[in-house]
$ cat final_2.pdb   # PDB, C-alpha atoms, pLDDT in the B column
ATOM      1  CA  MET A   1       1.566  70.549 -24.434  1.00 55.00           C
ATOM      2  CA  LEU A   2      -0.295  67.249 -24.754  1.00 52.00           C
ATOM      3  CA  LYS A   3       1.257  65.985 -21.498  1.00 51.00           C
ATOM      4  CA  ALA A   4       0.167  69.159 -19.710  1.00 48.00           C
ATOM      5  CA  VAL A   5      -3.412  68.685 -20.914  1.00 42.00           C
ATOM      6  CA  ARG A   6      -3.381  65.036 -19.761  1.00 51.00           C
ATOM      7  CA  ASP A   7      -2.095  66.106 -16.336  1.00 51.00           C
ATOM      8  CA  VAL A   8      -4.889  68.664 -15.968  1.00 44.00           C
ATOM      9  CA  ILE A   9      -7.522  66.102 -16.947  1.00 42.00           C
ATOM     10  CA  LYS A  10      -6.056  63.533 -14.545  1.00 49.00           C
ATOM     11  CA  ALA A  11      -5.998  66.051 -11.682  1.00 48.00           C
ATOM     12  CA  THR A  12      -9.587  67.102 -12.369  1.00 42.00           C
ATOM     13  CA  LEU A  13     -10.869  63.539 -12.477  1.00 41.00           C
ATOM     14  CA  ASN A  14      -8.970  62.729  -9.295  1.00 45.00           C
ATOM     15  CA  TYR A  15     -10.505  65.747  -7.569  1.00 41.00           C
ATOM     16  CA  PHE A  16     -14.035  64.610  -8.341  1.00 38.00           C
ATOM     17  CA  GLY A  17     -13.323  61.031  -7.355  1.00 39.00           C
ATOM     18  CA  ILE A  18     -13.444  59.587 -10.880  1.00 35.00           C
ATOM     19  CA  PHE A  19      -9.794  58.936 -11.542  1.00 41.00           C
ATOM     20  CA  GLY A  20      -8.084  55.972  -9.966  1.00 43.00           C
ATOM     21  CA  ARG A  21     -10.008  52.751 -10.098  1.00 50.00           C
ATOM     22  CA  GLY A  22      -7.488  50.850  -8.061  1.00 62.00           C
ATOM     23  CA  ARG A  23      -8.726  48.853  -5.108  1.00 87.00           C
ATOM     24  CA  LEU A  24      -6.743  47.375  -2.261  1.00 93.00           C
ATOM     25  CA  ASN A  25      -6.420  43.620  -2.173  1.00 93.00           C
ATOM     26  CA  GLN A  26      -7.068  41.639   1.018  1.00 94.00           C
ATOM     27  CA  GLU A  27      -3.406  41.605   1.999  1.00 95.00           C
ATOM     28  CA  GLN A  28      -3.157  45.377   1.646  1.00 96.00           C
ATOM     29  CA  VAL A  29      -6.286  45.843   3.757  1.00 96.00           C
ATOM     30  CA  ARG A  30      -4.750  43.616   6.442  1.00 96.00           C
ATOM     31  CA  LYS A  31      -1.686  45.863   6.448  1.00 96.00           C
ATOM     32  CA  VAL A  32      -3.855  48.951   6.917  1.00 97.00           C
ATOM     33  CA  LYS A  33      -5.468  47.275   9.938  1.00 95.00           C
ATOM     34  CA  LYS A  34      -2.072  46.250  11.285  1.00 94.00           C
ATOM     35  CA  TYR A  35      -0.362  49.626  11.008  1.00 94.00           C
ATOM     36  CA  SER A  36      -3.221  52.103  11.536  1.00 96.00           C
ATOM     37  CA  PRO A  37      -4.791  52.234  15.006  1.00 93.00           C
ATOM     38  CA  TYR A  38      -6.810  55.171  13.680  1.00 95.00           C
ATOM     39  CA  PHE A  39      -8.386  52.934  11.031  1.00 96.00           C
ATOM     40  CA  ARG A  40      -9.223  50.246  13.573  1.00 95.00           C
ATOM     41  CA  GLN A  41     -11.290  52.742  15.584  1.00 93.00           C
ATOM     42  CA  LEU A  42     -13.479  53.788  12.649  1.00 95.00           C
ATOM     43  CA  LYS A  43     -17.003  52.543  12.022  1.00 92.00           C
ATOM     44  CA  LEU A  44     -17.341  50.116   9.131  1.00 92.00           C
ATOM     45  CA  LYS A  45     -18.790  52.671   6.701  1.00 91.00           C
ATOM     46  CA  HIS A  46     -15.902  55.021   7.443  1.00 94.00           C
ATOM     47  CA  GLN A  47     -13.376  52.182   7.111  1.00 96.00           C
ATOM     48  CA  LYS A  48     -14.638  51.597   3.569  1.00 95.00           C
ATOM     49  CA  LYS A  49     -14.141  55.276   2.759  1.00 95.00           C
ATOM     50  CA  PHE A  50     -10.683  55.164   4.338  1.00 97.00           C
ATOM     51  CA  ILE A  51      -9.640  52.110   2.290  1.00 97.00           C
ATOM     52  CA  TRP A  52     -10.864  53.731  -0.913  1.00 96.00           C
ATOM     53  CA  ARG A  53      -8.847  56.877  -0.191  1.00 97.00           C
ATOM     54  CA  VAL A  54      -5.743  54.812   0.560  1.00 98.00           C
ATOM     55  CA  SER A  55      -6.071  53.111  -2.822  1.00 97.00           C
ATOM     56  CA  GLN A  56      -6.431  56.480  -4.582  1.00 96.00           C
ATOM     57  CA  PHE A  57      -3.354  57.880  -2.831  1.00 97.00           C
ATOM     58  CA  ILE A  58      -1.252  54.883  -3.870  1.00 97.00           C
ATOM     59  CA  THR A  59      -2.494  55.143  -7.459  1.00 96.00           C
ATOM     60  CA  ALA A  60      -1.691  58.856  -7.630  1.00 96.00           C
ATOM     61  CA  LYS A  61       1.912  58.618  -6.349  1.00 98.00           C
ATOM     62  CA  LYS A  62       5.188  57.331  -7.704  1.00 97.00           C
ATOM     63  CA  PHE A  63       7.060  55.459  -4.980  1.00 98.00           C
ATOM     64  CA  VAL A  64      10.844  55.416  -5.346  1.00 97.00           C
ATOM     65  CA  TYR A  65      13.424  53.559  -3.261  1.00 96.00           C
ATOM     66  CA  ARG A  66      17.029  54.353  -2.366  1.00 95.00           C
ATOM     67  CA  GLY A  67      19.466  51.978  -0.676  1.00 93.00           C
ATOM     68  CA  MET A  68      17.161  48.950  -0.801  1.00 93.00           C
ATOM     69  CA  GLU A  69      15.810  46.504  -3.353  1.00 93.00           C
ATOM     70  CA  GLU A  70      12.263  47.826  -3.700  1.00 95.00           C
ATOM     71  CA  VAL A  71       9.391  49.780  -2.225  1.00 96.00           C
ATOM     72  CA  THR A  72       7.103  47.102  -0.831  1.00 96.00           C
ATOM     73  CA  GLU A  73       3.319  47.187  -0.843  1.00 95.00           C
ATOM     74  CA  GLU A  74       3.553  47.444   2.932  1.00 96.00           C
ATOM     75  CA  MET A  75       5.501  50.698   2.628  1.00 97.00           C
ATOM     76  CA  LYS A  76       3.004  52.163   0.170  1.00 97.00           C
ATOM     77  CA  VAL A  77       0.055  51.260   2.393  1.00 97.00           C
ATOM     78  CA  VAL A  78       1.651  52.701   5.544  1.00 97.00           C
ATOM     79  CA  VAL A  79       2.464  56.068   3.948  1.00 98.00           C
ATOM     80  CA  ALA A  80      -0.925  56.295   2.248  1.00 98.00           C
ATOM     81  CA  ALA A  81      -2.809  55.411   5.454  1.00 98.00           C
ATOM     82  CA  LEU A  82      -1.038  58.154   7.410  1.00 98.00           C
ATOM     83  CA  SER A  83      -1.849  60.742   4.745  1.00 98.00           C
ATOM     84  CA  VAL A  84      -5.493  59.677   4.647  1.00 98.00           C
ATOM     85  CA  GLN A  85      -5.662  59.764   8.452  1.00 97.00           C
ATOM     86  CA  ILE A  86      -4.613  63.409   8.574  1.00 97.00           C
ATOM     87  CA  THR A  87      -6.875  64.505   5.712  1.00 97.00           C
ATOM     88  CA  PHE A  88      -9.838  62.226   6.464  1.00 96.00           C
ATOM     89  CA  GLY A  89     -12.153  65.041   7.563  1.00 95.00           C
ATOM     90  CA  LEU A  90     -11.279  67.227   4.577  1.00 94.00           C
ATOM     91  CA  PRO A  91     -12.477  67.036   0.967  1.00 86.00           C
ATOM     92  CA  ARG A  92     -10.558  64.638  -1.287  1.00 85.00           C
ATOM     93  CA  ILE A  93      -7.030  65.874  -0.593  1.00 92.00           C
ATOM     94  CA  TYR A  94      -4.238  63.704  -2.010  1.00 95.00           C
ATOM     95  CA  LEU A  95      -1.350  66.207  -1.861  1.00 96.00           C
ATOM     96  CA  SER A  96      -1.391  66.474  -5.641  1.00 94.00           C
ATOM     97  CA  HIS A  97       1.689  68.714  -5.811  1.00 96.00           C
ATOM     98  CA  PHE A  98       3.787  65.955  -4.238  1.00 97.00           C
ATOM     99  CA  LYS A  99       3.851  63.319  -6.933  1.00 97.00           C
ATOM    100  CA  LYS A 100       6.805  61.300  -5.656  1.00 97.00           C
ATOM    101  CA  ILE A 101       7.412  59.469  -2.351  1.00 98.00           C
ATOM    102  CA  LEU A 102      11.087  58.645  -1.834  1.00 97.00           C
ATOM    103  CA  ILE A 103      11.883  56.000   0.800  1.00 98.00           C
ATOM    104  CA  TYR A 104      15.262  55.199   2.372  1.00 97.00           C
ATOM    105  CA  PRO A 105      15.852  52.233   4.703  1.00 97.00           C
ATOM    106  CA  ASP A 106      17.307  54.447   7.468  1.00 97.00           C
ATOM    107  CA  ASN A 107      18.648  57.951   8.083  1.00 96.00           C
ATOM    108  CA  TYR A 108      20.066  59.378   4.866  1.00 95.00           C
ATOM    109  CA  TYR A 109      22.618  62.048   4.010  1.00 90.00           C
ATOM    110  CA  SER A 110      21.339  65.227   2.389  1.00 83.00           C
ATOM    111  CA  THR A 111      23.744  67.073   0.111  1.00 79.00           C
ATOM    112  CA  ILE A 112      21.554  70.180   0.374  1.00 72.00           C
ATOM    113  CA  ASN A 113      22.603  70.986   3.949  1.00 77.00           C
ATOM    114  CA  ASN A 114      25.239  68.275   4.497  1.00 85.00           C
ATOM    115  CA  GLN A 115      23.330  66.602   7.324  1.00 90.00           C
ATOM    116  CA  TYR A 116      21.683  63.271   8.024  1.00 94.00           C
ATOM    117  CA  HIS A 117      17.890  63.317   7.871  1.00 95.00           C
ATOM    118  CA  LYS A 118      15.002  61.089   8.929  1.00 96.00           C
ATOM    119  CA  GLY A 119      12.626  62.741   6.482  1.00 96.00           C
ATOM    120  CA  GLU A 120      11.893  65.941   4.593  1.00 95.00           C
ATOM    121  CA  VAL A 121       9.469  67.575   2.174  1.00 96.00           C
ATOM    122  CA  ASN A 122      10.763  69.275  -0.959  1.00 94.00           C
ATOM    123  CA  PRO A 123       8.081  71.460  -2.596  1.00 95.00           C
ATOM    124  CA  ARG A 124      10.431  72.535  -5.395  1.00 93.00           C
ATOM    125  CA  PHE A 125      10.630  68.995  -6.757  1.00 94.00           C
ATOM    126  CA  GLY A 126       7.302  67.758  -5.363  1.00 96.00           C
ATOM    127  CA  ILE A 127       8.921  65.029  -3.257  1.00 97.00           C
ATOM    128  CA  ILE A 128       8.231  63.640   0.216  1.00 97.00           C
ATOM    129  CA  VAL A 129      11.249  61.778   1.622  1.00 97.00           C
ATOM    130  CA  LEU A 130      10.980  59.260   4.468  1.00 97.00           C
ATOM    131  CA  SER A 131      13.204  56.865   6.392  1.00 97.00           C
ATOM    132  CA  TRP A 132      11.381  53.542   6.691  1.00 97.00           C
ATOM    133  CA  LYS A 133      13.082  52.592   9.977  1.00 97.00           C
ATOM    134  CA  ASN A 134      12.054  55.844  11.647  1.00 97.00           C
ATOM    135  CA  LEU A 135       8.619  55.709  10.089  1.00 97.00           C
ATOM    136  CA  VAL A 136       7.905  52.291  11.606  1.00 96.00           C
ATOM    137  CA  GLU A 137       9.350  53.295  14.980  1.00 95.00           C
ATOM    138  CA  GLY A 138       7.015  56.290  15.068  1.00 95.00           C
ATOM    139  CA  ILE A 139       4.008  54.068  14.449  1.00 93.00           C
ATOM    140  CA  ALA A 140       5.119  51.435  16.976  1.00 92.00           C
ATOM    141  CA  ASN A 141       4.868  53.905  19.876  1.00 91.00           C
ATOM    142  CA  GLU A 142       1.328  55.228  19.529  1.00 88.00           C
ATOM    143  CA  SER A 143       1.317  57.670  22.445  1.00 88.00           C
ATOM    144  CA  ASP A 144       4.649  59.520  22.648  1.00 94.00           C
ATOM    145  CA  GLY A 145       3.726  62.348  20.272  1.00 94.00           C
ATOM    146  CA  VAL A 146       6.586  61.492  17.914  1.00 96.00           C
ATOM    147  CA  ASN A 147       5.610  60.123  14.530  1.00 97.00           C
ATOM    148  CA  LEU A 148       7.835  60.760  11.510  1.00 97.00           C
ATOM    149  CA  GLY A 149       5.101  59.964   8.980  1.00 97.00           C
ATOM    150  CA  ILE A 150       2.574  62.353  10.496  1.00 98.00           C
ATOM    151  CA  HIS A 151       5.286  64.984  10.924  1.00 98.00           C
ATOM    152  CA  GLU A 152       6.459  65.013   7.299  1.00 98.00           C
ATOM    153  CA  LEU A 153       2.972  64.656   5.848  1.00 98.00           C
ATOM    154  CA  ALA A 154       1.852  67.586   8.016  1.00 98.00           C
ATOM    155  CA  HIS A 155       4.568  69.652   6.319  1.00 98.00           C
ATOM    156  CA  ALA A 156       3.231  68.558   2.948  1.00 98.00           C
ATOM    157  CA  ILE A 157      -0.351  69.467   3.924  1.00 96.00           C
ATOM    158  CA  HIS A 158       0.763  72.868   5.212  1.00 96.00           C
ATOM    159  CA  LEU A 159       2.479  73.558   1.889  1.00 96.00           C
ATOM    160  CA  GLU A 160      -0.220  72.019  -0.322  1.00 96.00           C
ATOM    161  CA  ASN A 161      -2.784  74.402   1.145  1.00 94.00           C
ATOM    162  CA  ARG A 162      -0.730  77.335  -0.159  1.00 92.00           C
ATOM    163  CA  ILE A 163       0.330  75.978  -3.566  1.00 91.00           C
ATOM    164  CA  SER A 164      -1.716  77.149  -6.537  1.00 85.00           C
ATOM    165  CA  ASN A 165      -3.452  74.032  -7.873  1.00 87.00           C
ATOM    166  CA  HIS A 166      -6.900  72.423  -7.657  1.00 88.00           C
ATOM    167  CA  GLU A 167      -6.325  71.610  -3.958  1.00 90.00           C
ATOM    168  CA  TYR A 168      -5.390  75.185  -3.026  1.00 87.00           C
ATOM    169  CA  GLY A 169      -6.978  76.754   0.055  1.00 88.00           C
ATOM    170  CA  PHE A 170      -8.686  73.709   1.552  1.00 93.00           C
ATOM    171  CA  ILE A 171      -8.001  75.013   5.075  1.00 93.00           C
ATOM    172  CA  ASP A 172     -10.303  77.840   6.167  1.00 91.00           C
ATOM    173  CA  SER A 173      -8.240  81.050   6.181  1.00 93.00           C
ATOM    174  CA  LYS A 174     -10.168  82.684   9.047  1.00 94.00           C
ATOM    175  CA  LEU A 175      -9.741  79.605  11.215  1.00 95.00           C
ATOM    176  CA  TRP A 176      -6.063  79.483  10.279  1.00 96.00           C
ATOM    177  CA  LYS A 177      -5.556  83.048  11.522  1.00 96.00           C
ATOM    178  CA  LYS A 178      -7.074  82.158  14.903  1.00 96.00           C
ATOM    179  CA  TYR A 179      -4.948  79.025  15.081  1.00 97.00           C
ATOM    180  CA  TYR A 180      -1.855  80.996  14.025  1.00 97.00           C
ATOM    181  CA  ASP A 181      -2.176  83.359  17.001  1.00 96.00           C
ATOM    182  CA  LEU A 182      -2.391  80.401  19.397  1.00 97.00           C
ATOM    183  CA  ALA A 183       0.642  78.816  17.735  1.00 98.00           C
ATOM    184  CA  GLU A 184       2.597  82.066  18.148  1.00 97.00           C
ATOM    185  CA  TYR A 185       1.879  82.025  21.868  1.00 96.00           C
ATOM    186  CA  GLU A 186       2.958  78.385  22.253  1.00 97.00           C
ATOM    187  CA  MET A 187       6.160  78.979  20.287  1.00 98.00           C
ATOM    188  CA  PHE A 188       6.938  81.969  22.520  1.00 97.00           C
ATOM    189  CA  LYS A 189       6.455  79.818  25.645  1.00 96.00           C
ATOM    190  CA  ILE A 190       8.849  77.175  24.339  1.00 97.00           C
ATOM    191  CA  LYS A 191      11.498  79.764  23.473  1.00 96.00           C
ATOM    192  CA  GLU A 192      11.167  81.291  26.944  1.00 96.00           C
ATOM    193  CA  GLY A 193      11.697  77.892  28.555  1.00 95.00           C
ATOM    194  CA  ASP A 194       8.197  77.670  29.997  1.00 96.00           C
ATOM    195  CA  THR A 195       6.516  74.314  30.532  1.00 93.00           C
ATOM    196  CA  SER A 196       4.995  73.038  27.312  1.00 96.00           C
ATOM    197  CA  LEU A 197       3.505  69.835  25.949  1.00 97.00           C
ATOM    198  CA  PHE A 198       5.527  70.316  22.778  1.00 97.00           C
ATOM    199  CA  ARG A 199       9.180  69.480  22.263  1.00 96.00           C
ATOM    200  CA  SER A 200      11.654  72.288  21.519  1.00 96.00           C
ATOM    201  CA  ALA A 201      11.668  71.668  17.745  1.00 96.00           C
ATOM    202  CA  ALA A 202       8.121  73.044  17.594  1.00 97.00           C
ATOM    203  CA  ALA A 203       9.473  76.554  18.227  1.00 97.00           C
ATOM    204  CA  ILE A 204      11.712  76.633  15.140  1.00 97.00           C
ATOM    205  CA  ASP A 205       8.999  78.076  12.881  1.00 97.00           C
ATOM    206  CA  HIS A 206       5.318  77.697  12.056  1.00 97.00           C
ATOM    207  CA  HIS A 207       5.940  74.766   9.718  1.00 97.00           C
ATOM    208  CA  GLU A 208       7.611  72.808  12.520  1.00 98.00           C
ATOM    209  CA  PHE A 209       4.997  73.797  15.071  1.00 98.00           C
ATOM    210  CA  PHE A 210       2.158  72.577  12.855  1.00 98.00           C
ATOM    211  CA  ALA A 211       3.966  69.262  12.261  1.00 98.00           C
ATOM    212  CA  VAL A 212       4.630  68.671  15.979  1.00 98.00           C
ATOM    213  CA  LEU A 213       1.094  69.760  16.811  1.00 98.00           C
ATOM    214  CA  LEU A 214      -0.408  67.123  14.503  1.00 98.00           C
ATOM    215  CA  GLU A 215       1.841  64.431  15.979  1.00 98.00           C
ATOM    216  CA  ASN A 216       0.344  65.215  19.389  1.00 98.00           C
ATOM    217  CA  PHE A 217      -3.167  65.770  18.039  1.00 98.00           C
ATOM    218  CA  PHE A 218      -3.321  62.213  16.713  1.00 97.00           C
ATOM    219  CA  GLU A 219      -1.108  60.384  19.210  1.00 96.00           C
ATOM    220  CA  ARG A 220      -1.907  62.264  22.446  1.00 97.00           C
ATOM    221  CA  PRO A 221      -5.304  63.915  21.911  1.00 97.00           C
ATOM    222  CA  LYS A 222      -6.353  63.695  25.580  1.00 97.00           C
ATOM    223  CA  ALA A 223      -3.115  65.285  26.751  1.00 97.00           C
ATOM    224  CA  LEU A 224      -3.313  68.021  24.104  1.00 98.00           C
ATOM    225  CA  LYS A 225      -6.912  68.881  24.980  1.00 98.00           C
ATOM    226  CA  ALA A 226      -6.080  68.985  28.691  1.00 98.00           C
ATOM    227  CA  TYR A 227      -3.031  71.160  28.013  1.00 98.00           C
ATOM    228  CA  SER A 228      -4.798  73.629  25.699  1.00 97.00           C
ATOM    229  CA  PRO A 229      -8.524  73.099  25.044  1.00 98.00           C
ATOM    230  CA  ASN A 230      -8.573  76.116  22.722  1.00 97.00           C
ATOM    231  CA  LEU A 231      -5.700  74.909  20.557  1.00 98.00           C
ATOM    232  CA  TYR A 232      -7.191  71.429  20.443  1.00 98.00           C
ATOM    233  CA  ARG A 233     -10.551  72.834  19.375  1.00 98.00           C
ATOM    234  CA  LYS A 234      -8.983  74.969  16.643  1.00 97.00           C
ATOM    235  CA  THR A 235      -7.126  71.946  15.296  1.00 98.00           C
ATOM    236  CA  THR A 236     -10.331  69.885  15.143  1.00 97.00           C
ATOM    237  CA  LEU A 237     -11.924  72.699  13.134  1.00 97.00           C
ATOM    238  CA  LEU A 238      -8.947  73.035  10.788  1.00 96.00           C
ATOM    239  CA  LEU A 239      -8.874  69.308   9.998  1.00 97.00           C
ATOM    240  CA  LYS A 240     -12.644  68.788  10.411  1.00 96.00           C
ATOM    241  CA  GLN A 241     -12.188  65.786  12.672  1.00 97.00           C
ATOM    242  CA  ASP A 242     -11.798  64.985  16.369  1.00 97.00           C
ATOM    243  CA  PRO A 243      -9.607  61.978  17.318  1.00 95.00           C
ATOM    244  CA  LEU A 244     -11.200  61.827  20.776  1.00 94.00           C
ATOM    245  CA  LYS A 245     -14.660  61.271  19.300  1.00 89.00           C
ATOM    246  CA  ILE A 246     -13.226  58.489  17.150  1.00 80.00           C
ATOM    247  CA  LEU A 247     -11.599  56.896  20.211  1.00 62.00           C
ATOM    248  CA  MET A 248     -14.876  57.023  22.160  1.00 55.00           C
ATOM    249  CA  LYS A 249     -16.831  55.121  19.473  1.00 52.00           C
TER     250      LYS A 249
END
$ encode --input "final_2.pdb" --output "structure tokens"
Amino acid sequence: MLKAVRDVIKATLNYFGIFGRGRLNQEQVRKVKKYSPYFRQLKLKHQKKFIWRVSQFITAKKFVYRGMEEVTEEMKVVVAALSVQITFGLPRIYLSHFKKILIYPDNYYSTINNQYHKGEVNPRFGIIVLSWKNLVEGIANESDGVNLGIHELAHAIHLENRISNHEYGFIDSKLWKKYYDLAEYEMFKIKEGDTSLFRSAAAIDHHEFFAVLLENFFERPKALKAYSPNLYRKTTLLLKQDPLKILMK
């Protein structure tokens, strides 16, 4: 009972920006600059806000390693920066349901479906799982529309919006319905074999489409807007940010 009360208090303080006094040191800030092209494009005042949010994300999560000696500060910063990038236009969203970040050095074997994975999100246990090798490779190529970190964190955001907690419903439901109809059309095109900007995995279901969409939204915004101005516009409204405006600054 006491633990439950403490958790509620912690979540409430975190929501209002009171909890988490951690600050990034200079080396951590350098790593954010190194690994986040998004951060490098921000104005100074927005960079300060970004850094603060990264520190809060790291403070709020438990990072766990498998198959390696430790989770480095570099790993923590990279994951946190990607999460903050996606949610930067939204209120303070730290994916509070997902309390644990599990990192493997490479592809890992899942006993749930007996397959090798690069990453996954498990809402039942509140875990986000990532392969460090694939995570770094996704960041290294900034314009191919394939980014494991953005992909898996998009899954987490999609789920967090629907989970009953203090972060519930941060995406406008009316906007989501309009977006959903556009997504349905794009998924239909892919299944029919029509030309599409999105890879075939996007047609699996709406969770996968949203994840692939955000990969392209952040890595290939010009191409996405040219391909579907309406879908691009709806995504900027959902996330309350426009990567192209950031790039033009």
$ closest_atom_pairs --input "final_2.pdb" --of "segment 53-131 of chain A" --to "segment 211-233 of chain A" --cutoff "12 Å" --atoms "all atoms listed in the file" --output "Markdown table"
| residue | atom | partner | partner_atom | distance |
| --- | --- | --- | --- | --- |
| A:Leu82 | CA | A:Phe218 | CA | 10.4 |
| A:Ser83 | CA | A:Leu214 | CA | 11.7 |
| A:Gln85 | CA | A:Phe218 | CA | 8.9 |
| A:Ile86 | CA | A:Leu214 | CA | 8.2 |
| A:Thr87 | CA | A:Leu214 | CA | 11.2 |
| A:Glu120 | CA | A:Ala211 | CA | 11.5 |
| A:Val121 | CA | A:Ala211 | CA | 11.6 |
$ write_last_selection --input "final_2.pdb" --atoms "C-alpha atoms" --output "CSV table (one decimal), in the frame of the given file"
chain,number,residue,atom,x,y,z
A,82,LEU,CA,-1.0,58.2,7.4
A,83,SER,CA,-1.8,60.7,4.7
A,85,GLN,CA,-5.7,59.8,8.5
A,86,ILE,CA,-4.6,63.4,8.6
A,87,THR,CA,-6.9,64.5,5.7
A,120,GLU,CA,11.9,65.9,4.6
A,121,VAL,CA,9.5,67.6,2.2
$ closest_residue --input "final_2.pdb" --among "A:Phe210, A:Tyr65, A:Tyr168, A:Tyr180" --to "Ser131 of chain A" --atoms "all atoms listed in the file"
A:Tyr65
$ atom_distance --input "final_2.pdb" --atom1 "atom CA of Leu182 of chain A" --atom2 "atom CA of His207 of chain A"
14.0 Å
$ closest_atom_pairs --input "final_2.pdb" --of "segment 75-151 of chain A" --to "segment 25-29 of chain A" --cutoff "12 Å" --atoms "only C-alpha atoms" --output "tab-separated table"
residue	atom	partner	partner_atom	distance
A:Met75	CA	A:Gln28	CA	10.2
A:Lys76	CA	A:Gln28	CA	9.3
A:Val77	CA	A:Gln28	CA	6.7
A:Val78	CA	A:Gln28	CA	9.6
A:Ala80	CA	A:Gln28	CA	11.2
A:Ala81	CA	A:Val29	CA	10.3
$ residues_around --input "final_2.pdb" --residues "Lys99 of chain A" --least-positions-apart "5" --cutoff "10 Å" --atoms "all atoms listed in the file" --output "ChimeraX atom specification"
/A:57,60-63,94,125-128
$ write_last_selection --input "final_2.pdb" --atoms "C-alpha atoms" --output "JSON list (two decimals), keeping the file's coordinate frame"
[["chain", "number", "residue", "atom", "x", "y", "z"],
["A", 57, "PHE", "CA", -3.35, 57.88, -2.83],
["A", 60, "ALA", "CA", -1.69, 58.86, -7.63],
["A", 61, "LYS", "CA", 1.91, 58.62, -6.35],
["A", 62, "LYS", "CA", 5.19, 57.33, -7.70],
["A", 63, "PHE", "CA", 7.06, 55.46, -4.98],
["A", 94, "TYR", "CA", -4.24, 63.70, -2.01],
["A", 125, "PHE", "CA", 10.63, 69.00, -6.76],
["A", 126, "GLY", "CA", 7.30, 67.76, -5.36],
["A", 127, "ILE", "CA", 8.92, 65.03, -3.26],
["A", 128, "ILE", "CA", 8.23, 63.64, 0.22]]
$ axis_aligned_box --input "final_2.pdb" --around "segment 22-34 of chain A" --padding-each-side "4 Å" --output "AutoDock Vina command-line options"
--center_x -5.2 --center_y 46.2 --center_z 1.6 --size_x 15.0 --size_y 17.2 --size_z 27.3
$ closest_residue --input "final_2.pdb" --among "A:Ser36, A:Ser196, A:Ser173, A:Thr72" --to "Ala140 of chain A" --atoms "all atoms listed in the file"
A:Ser36
$ atom_distance --input "final_2.pdb" --atom1 "atom CA of Leu159 of chain A" --atom2 "atom CA of Ile93 of chain A"
12.5 Å
$ resolve_selection --input "final_2.pdb" --expression "the PyMOL selection byres ((chain A and resi 38) around 9)" --output "list in words"
Lys33, Tyr35, Ser36, Pro37, Phe39, Arg40, Gln41, Leu42, Gln85, Phe218, Pro243, Ile246 and Leu247 of chain A
$ write_last_selection --input "final_2.pdb" --atoms "C-alpha atoms" --output "short mmCIF file (atom, residue, chain, number, x, y, z; two decimals), in the coordinates of the input"
data_model
loop_
_atom_site.label_atom_id
_atom_site.label_comp_id
_atom_site.auth_asym_id
_atom_site.auth_seq_id
_atom_site.Cartn_x
_atom_site.Cartn_y
_atom_site.Cartn_z
CA LYS A 33 -5.47 47.28 9.94
CA TYR A 35 -0.36 49.63 11.01
CA SER A 36 -3.22 52.10 11.54
CA PRO A 37 -4.79 52.23 15.01
CA PHE A 39 -8.39 52.93 11.03
CA ARG A 40 -9.22 50.25 13.57
CA GLN A 41 -11.29 52.74 15.58
CA LEU A 42 -13.48 53.79 12.65
CA GLN A 85 -5.66 59.76 8.45
CA PHE A 218 -3.32 62.21 16.71
CA PRO A 243 -9.61 61.98 17.32
CA ILE A 246 -13.23 58.49 17.15
CA LEU A 247 -11.60 56.90 20.21
#
$ closest_residue --input "final_2.pdb" --among "A:Ile51, A:Leu175, A:Gln56, A:Ser143" --to "Ser96 of chain A" --atoms "all atoms listed in the file"
A:Gln56
$ closest_residue --input "final_2.pdb" --among "A:Arg66, A:Arg53, A:His158, A:Lys245" --to "Val84 of chain A" --atoms "only C-alpha atoms"
A:Arg53
$ atom_distance --input "final_2.pdb" --atom1 "atom CA of Asp205 of chain A" --atom2 "atom CA of His166 of chain A"
26.6 Å
$ residues_around --input "final_2.pdb" --residues "Lys240 of chain A" --least-positions-apart "5" --cutoff "9 Å" --atoms "all atoms listed in the file" --output "list in words"
Thr87, Phe88, Gly89, Leu90 and Thr235 of chain A
$ closest_residue --input "final_2.pdb" --among "A:Arg124, A:Ser55, A:Lys234, A:Leu197" --to "Val79 of chain A" --atoms "only C-alpha atoms"
A:Ser55
$ closest_residue --input "final_2.pdb" --among "A:Val64, A:Val32, A:Ala203, A:Leu244" --to "Ile101 of chain A" --atoms "all atoms listed in the file"
A:Val64
$ resolve_selection --input "final_2.pdb" --expression "the PyMOL selection byres ((chain A and resi 186-188) around 9)" --output "ChimeraX atom specification"
/A:181-185,189-194,196,198,200,202-206,209
